[in-house]
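Down below is the structure, laid out as structure tokens.
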Amino acid sequence: MIKIERTSVMNLENAIRGARNPLNSWDRSDSSYDGEGNYILGENDLGLAKRLACAGSDHRKFLRQIFVSVDITAPLYWWKEFDTYKVGTVANSCSTMHKIHAKSFEREDFSCDRLDEGGLVALDAIIAYLEGERVKFCEDKTNKQAWHNMIQLLPSSYNQMRTVTLNYENLINIYYARRTHKLAEWHTRCDWISELPYAKDIIMVKEEKQG
């Protein structure tokens, strides 16, 4: 299970202007804002962006200046893989250390959509135990044993929300590294990437080259 919300793509105008700096070709820029405040690439700017994106990472530095902010709710086992992408990314997470006891444990807090009946029975037993320890800790915040029991027994299927900032160069790496991954969460993530503004032109660049 993965939930992707509140996507915001920023700095496209400045990135395109920077892409024109090497040849001082700003006078050829033909992009503008529409009535809803979206920056729309003109034919000249889009053509330049596509050529640079396909030319390789040394030539497409402007992609590192197109920023994406998004809220992602995903299980801890997925976050462990996402944490591979450290360069050029920032993430602020909800804290299990400080807030694990703030609400009751329920099935909805875990990614369990692919468990069979036996797996769900086991998960429900863990949830019941965690909830019992949570109640103990809420009744007595000095009960560090109950807190440690929650932290150390928390399954990796527990869902955590993080606000993540990336750039389009990060997204190229993620898309091609993870689009055929065995975890379904990565497929959802790559589908989201493919729907970002101009993704098919400047993120999915290997398809562009093959085409």
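Residues are named by chain letter and number: chains run A, B, ... in the order of the structure tokens, numbers start at 1 in each chain, and ligands are numbered from 1 in the order shown.
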
>> I want to know what sits within 12 Å of stretch 81-83 of chain A, based on only C-alpha atoms, with residues of the same chain fewer than 4 positions away left out; could you give that as a list in words?
In response: Ile72, Ala74, Pro75, Leu76, Tyr77, Val87, Gly88, Thr89, Val90, Ala91, Ser156, Arg162, Val164, Leu166, Asn170, Leu171, Asn173, Ile174, Tyr175, Ala177, Arg178, His181, Leu183, Glu185, Trp186 and Arg189 of chain A

Please produce a file of those selected residues containing C-alpha atoms, as an mmCIF file, in the first residue's frame.
data_model
loop_
_atom_site.group_PDB
_atom_site.id
_atom_site.type_symbol
_atom_site.label_atom_id
_atom_site.label_comp_id
_atom_site.auth_asym_id
_atom_site.auth_seq_id
_atom_site.Cartn_x
_atom_site.Cartn_y
_atom_site.Cartn_z
ATOM 1 C CA ILE A 72 3.877 9.851 0.779
ATOM 2 C CA ALA A 74 3.985 3.953 2.808
ATOM 3 C CA PRO A 75 5.093 0.973 4.898
ATOM 4 C CA LEU A 76 8.459 0.995 6.625
ATOM 5 C CA TYR A 77 9.694 -1.822 4.385
ATOM 6 C CA VAL A 87 21.501 12.635 -2.838
ATOM 7 C CA GLY A 88 19.351 15.656 -3.675
ATOM 8 C CA THR A 89 16.376 14.489 -1.617
ATOM 9 C CA VAL A 90 14.936 15.636 1.710
ATOM 10 C CA ALA A 91 12.266 13.938 3.827
ATOM 11 C CA SER A 156 7.838 -3.230 8.909
ATOM 12 C CA ARG A 162 6.778 11.655 5.045
ATOM 13 C CA VAL A 164 9.525 14.454 0.526
ATOM 14 C CA LEU A 166 13.072 15.582 -4.850
ATOM 15 C CA ASN A 170 16.220 11.945 -8.908
ATOM 16 C CA LEU A 171 13.000 10.844 -10.555
ATOM 17 C CA ASN A 173 16.949 7.380 -11.499
ATOM 18 C CA ILE A 174 13.984 6.124 -9.488
ATOM 19 C CA TYR A 175 11.800 5.450 -12.523
ATOM 20 C CA ALA A 177 15.640 1.512 -11.301
ATOM 21 C CA ARG A 178 12.270 0.593 -9.814
ATOM 22 C CA HIS A 181 10.436 -4.028 -9.018
ATOM 23 C CA LEU A 183 7.010 -4.485 -4.759
ATOM 24 C CA GLU A 185 4.322 0.129 -4.210
ATOM 25 C CA TRP A 186 7.117 0.954 -6.659
ATOM 26 C CA ARG A 189 5.252 5.336 -7.505
#

>> I need the residues of stretch 3-178 of chain A that end up classed as strand (DSSP E or B) by DSSP on the backbone, written out as a PyMOL selection string.
In response: chain A and resi 3-10+32-33+39-40+67-75+90-93+110+158-167

> Which residues come within 12 Å of A:Leu115, counting only C-alpha atoms, excluding same-chain residues fewer than 5 positions away, as a list in words?
Replying inline: Met1, Arg107, Phe110, Leu120, Val121, Ala122, Leu123, Asp124 and Ser157 of chain A

Could you save the residues just selected, with C-alpha atoms, as a PDB file, in the first residue's frame?
ATOM      1  CA  MET A   1       0.000   0.000   0.000  1.00  0.00           C
ATOM      2  CA  ARG A 107      -5.297  -2.811  10.807  1.00  0.00           C
ATOM      3  CA  PHE A 110      -0.442  -1.406   8.301  1.00  0.00           C
ATOM      4  CA  LEU A 120      -3.896 -11.496   8.848  1.00  0.00           C
ATOM      5  CA  VAL A 121      -4.447 -13.625  11.944  1.00  0.00           C
ATOM      6  CA  ALA A 122      -0.784 -13.165  12.900  1.00  0.00           C
ATOM      7  CA  LEU A 123      -0.951  -9.426  12.239  1.00  0.00           C
ATOM      8  CA  ASP A 124      -4.102  -9.051  14.333  1.00  0.00           C
ATOM      9  CA  SER A 157       4.366  -3.096   7.360  1.00  0.00           C
TER      10      SER A 157
END

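Look at stretch 30-34 of chain A: the protein and nucleic acid residues within 10 Å of it, using only C-alpha atoms and passing over chain neighbours fewer than 4 places away, are Glu13, Ile16, Arg17, Trp26, Asn38, Tyr39, Ile40, Leu41, Gly42, Glu43, Asn44, Asp45 and Leu46 of chain A.
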
Taking N, CA and C atoms for each residue, export the selection above as a compact mmCIF listing (two decimals), in the first residue's frame.
# COMPACT_ATOMS: atom_id res chain seq x y z
N GLU A 13 10.19 27.48 -14.36
CA GLU A 13 10.59 28.67 -15.11
C GLU A 13 12.09 28.95 -14.93
N ILE A 16 14.37 26.32 -16.69
CA ILE A 16 14.47 26.49 -18.15
C ILE A 16 15.34 27.70 -18.49
N ARG A 17 15.21 28.76 -17.73
CA ARG A 17 16.07 29.91 -17.98
C ARG A 17 17.55 29.53 -17.80
N TRP A 26 18.39 33.25 -24.23
CA TRP A 26 17.15 33.57 -23.52
C TRP A 26 16.09 34.17 -24.45
N ASN A 38 -0.05 27.90 -14.05
CA ASN A 38 0.88 26.83 -14.44
C ASN A 38 1.85 27.35 -15.50
N TYR A 39 3.10 26.98 -15.37
CA TYR A 39 4.11 27.40 -16.34
C TYR A 39 4.09 26.41 -17.50
N ILE A 40 3.77 26.89 -18.69
CA ILE A 40 3.61 26.04 -19.86
C ILE A 40 4.79 26.25 -20.79
N LEU A 41 5.48 25.16 -21.09
CA LEU A 41 6.64 25.25 -21.97
C LEU A 41 6.21 25.47 -23.42
N GLY A 42 6.83 26.47 -24.06
CA GLY A 42 6.60 26.70 -25.47
C GLY A 42 7.37 25.69 -26.31
N GLU A 43 7.16 25.73 -27.61
CA GLU A 43 7.78 24.76 -28.51
C GLU A 43 9.30 24.83 -28.45
N ASN A 44 9.86 26.03 -28.41
CA ASN A 44 11.32 26.17 -28.36
C ASN A 44 11.90 25.63 -27.07
N ASP A 45 11.29 26.02 -25.96
CA ASP A 45 11.81 25.59 -24.65
C ASP A 45 11.65 24.09 -24.46
N LEU A 46 10.52 23.55 -24.88
CA LEU A 46 10.31 22.11 -24.74
C LEU A 46 11.30 21.33 -25.60

For A:Asn14, please output as a compact mmCIF listing (two decimals) with N, CA and C atoms, in the first residue's frame all residues within 9 Å (counting only C-alpha atoms; exclusion window: fewer than 5 positions along the same chain).
# COMPACT_ATOMS: atom_id res chain seq x y z
N ALA A 19 18.79 26.61 -18.23
CA ALA A 19 19.18 25.73 -19.33
C ALA A 19 19.63 26.52 -20.54
N PHE A 62 19.78 21.18 -15.58
CA PHE A 62 18.57 21.95 -15.27
C PHE A 62 17.50 21.10 -14.60
N GLN A 65 17.08 21.32 -10.95
CA GLN A 65 16.47 22.54 -10.44
C GLN A 65 14.95 22.55 -10.57
N ILE A 66 14.39 21.45 -11.06
CA ILE A 66 12.93 21.30 -11.07
C ILE A 66 12.57 20.46 -9.85

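Taking atom CA of A:Asp58 as the reference point, atom CA of A:Ser8 is found at 25.7 Å.
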
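Nearest-residue note for A:Glu169: choosing from A:Ala184, A:Ala125, A:Ala146, A:Val68, the minimum distance belongs to A:Val68, counting only C-alpha atoms.
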
> Smallest atom-to-atom distance to A:Asn149: which of A:Ile100, A:Arg60, A:Tyr176, A:Asn11, using only C-alpha atoms?
Replying inline: A:Ile100

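Straight-line separation from atom CA of A:Lys3 to atom CA of A:Phe67: 19.6 Å.
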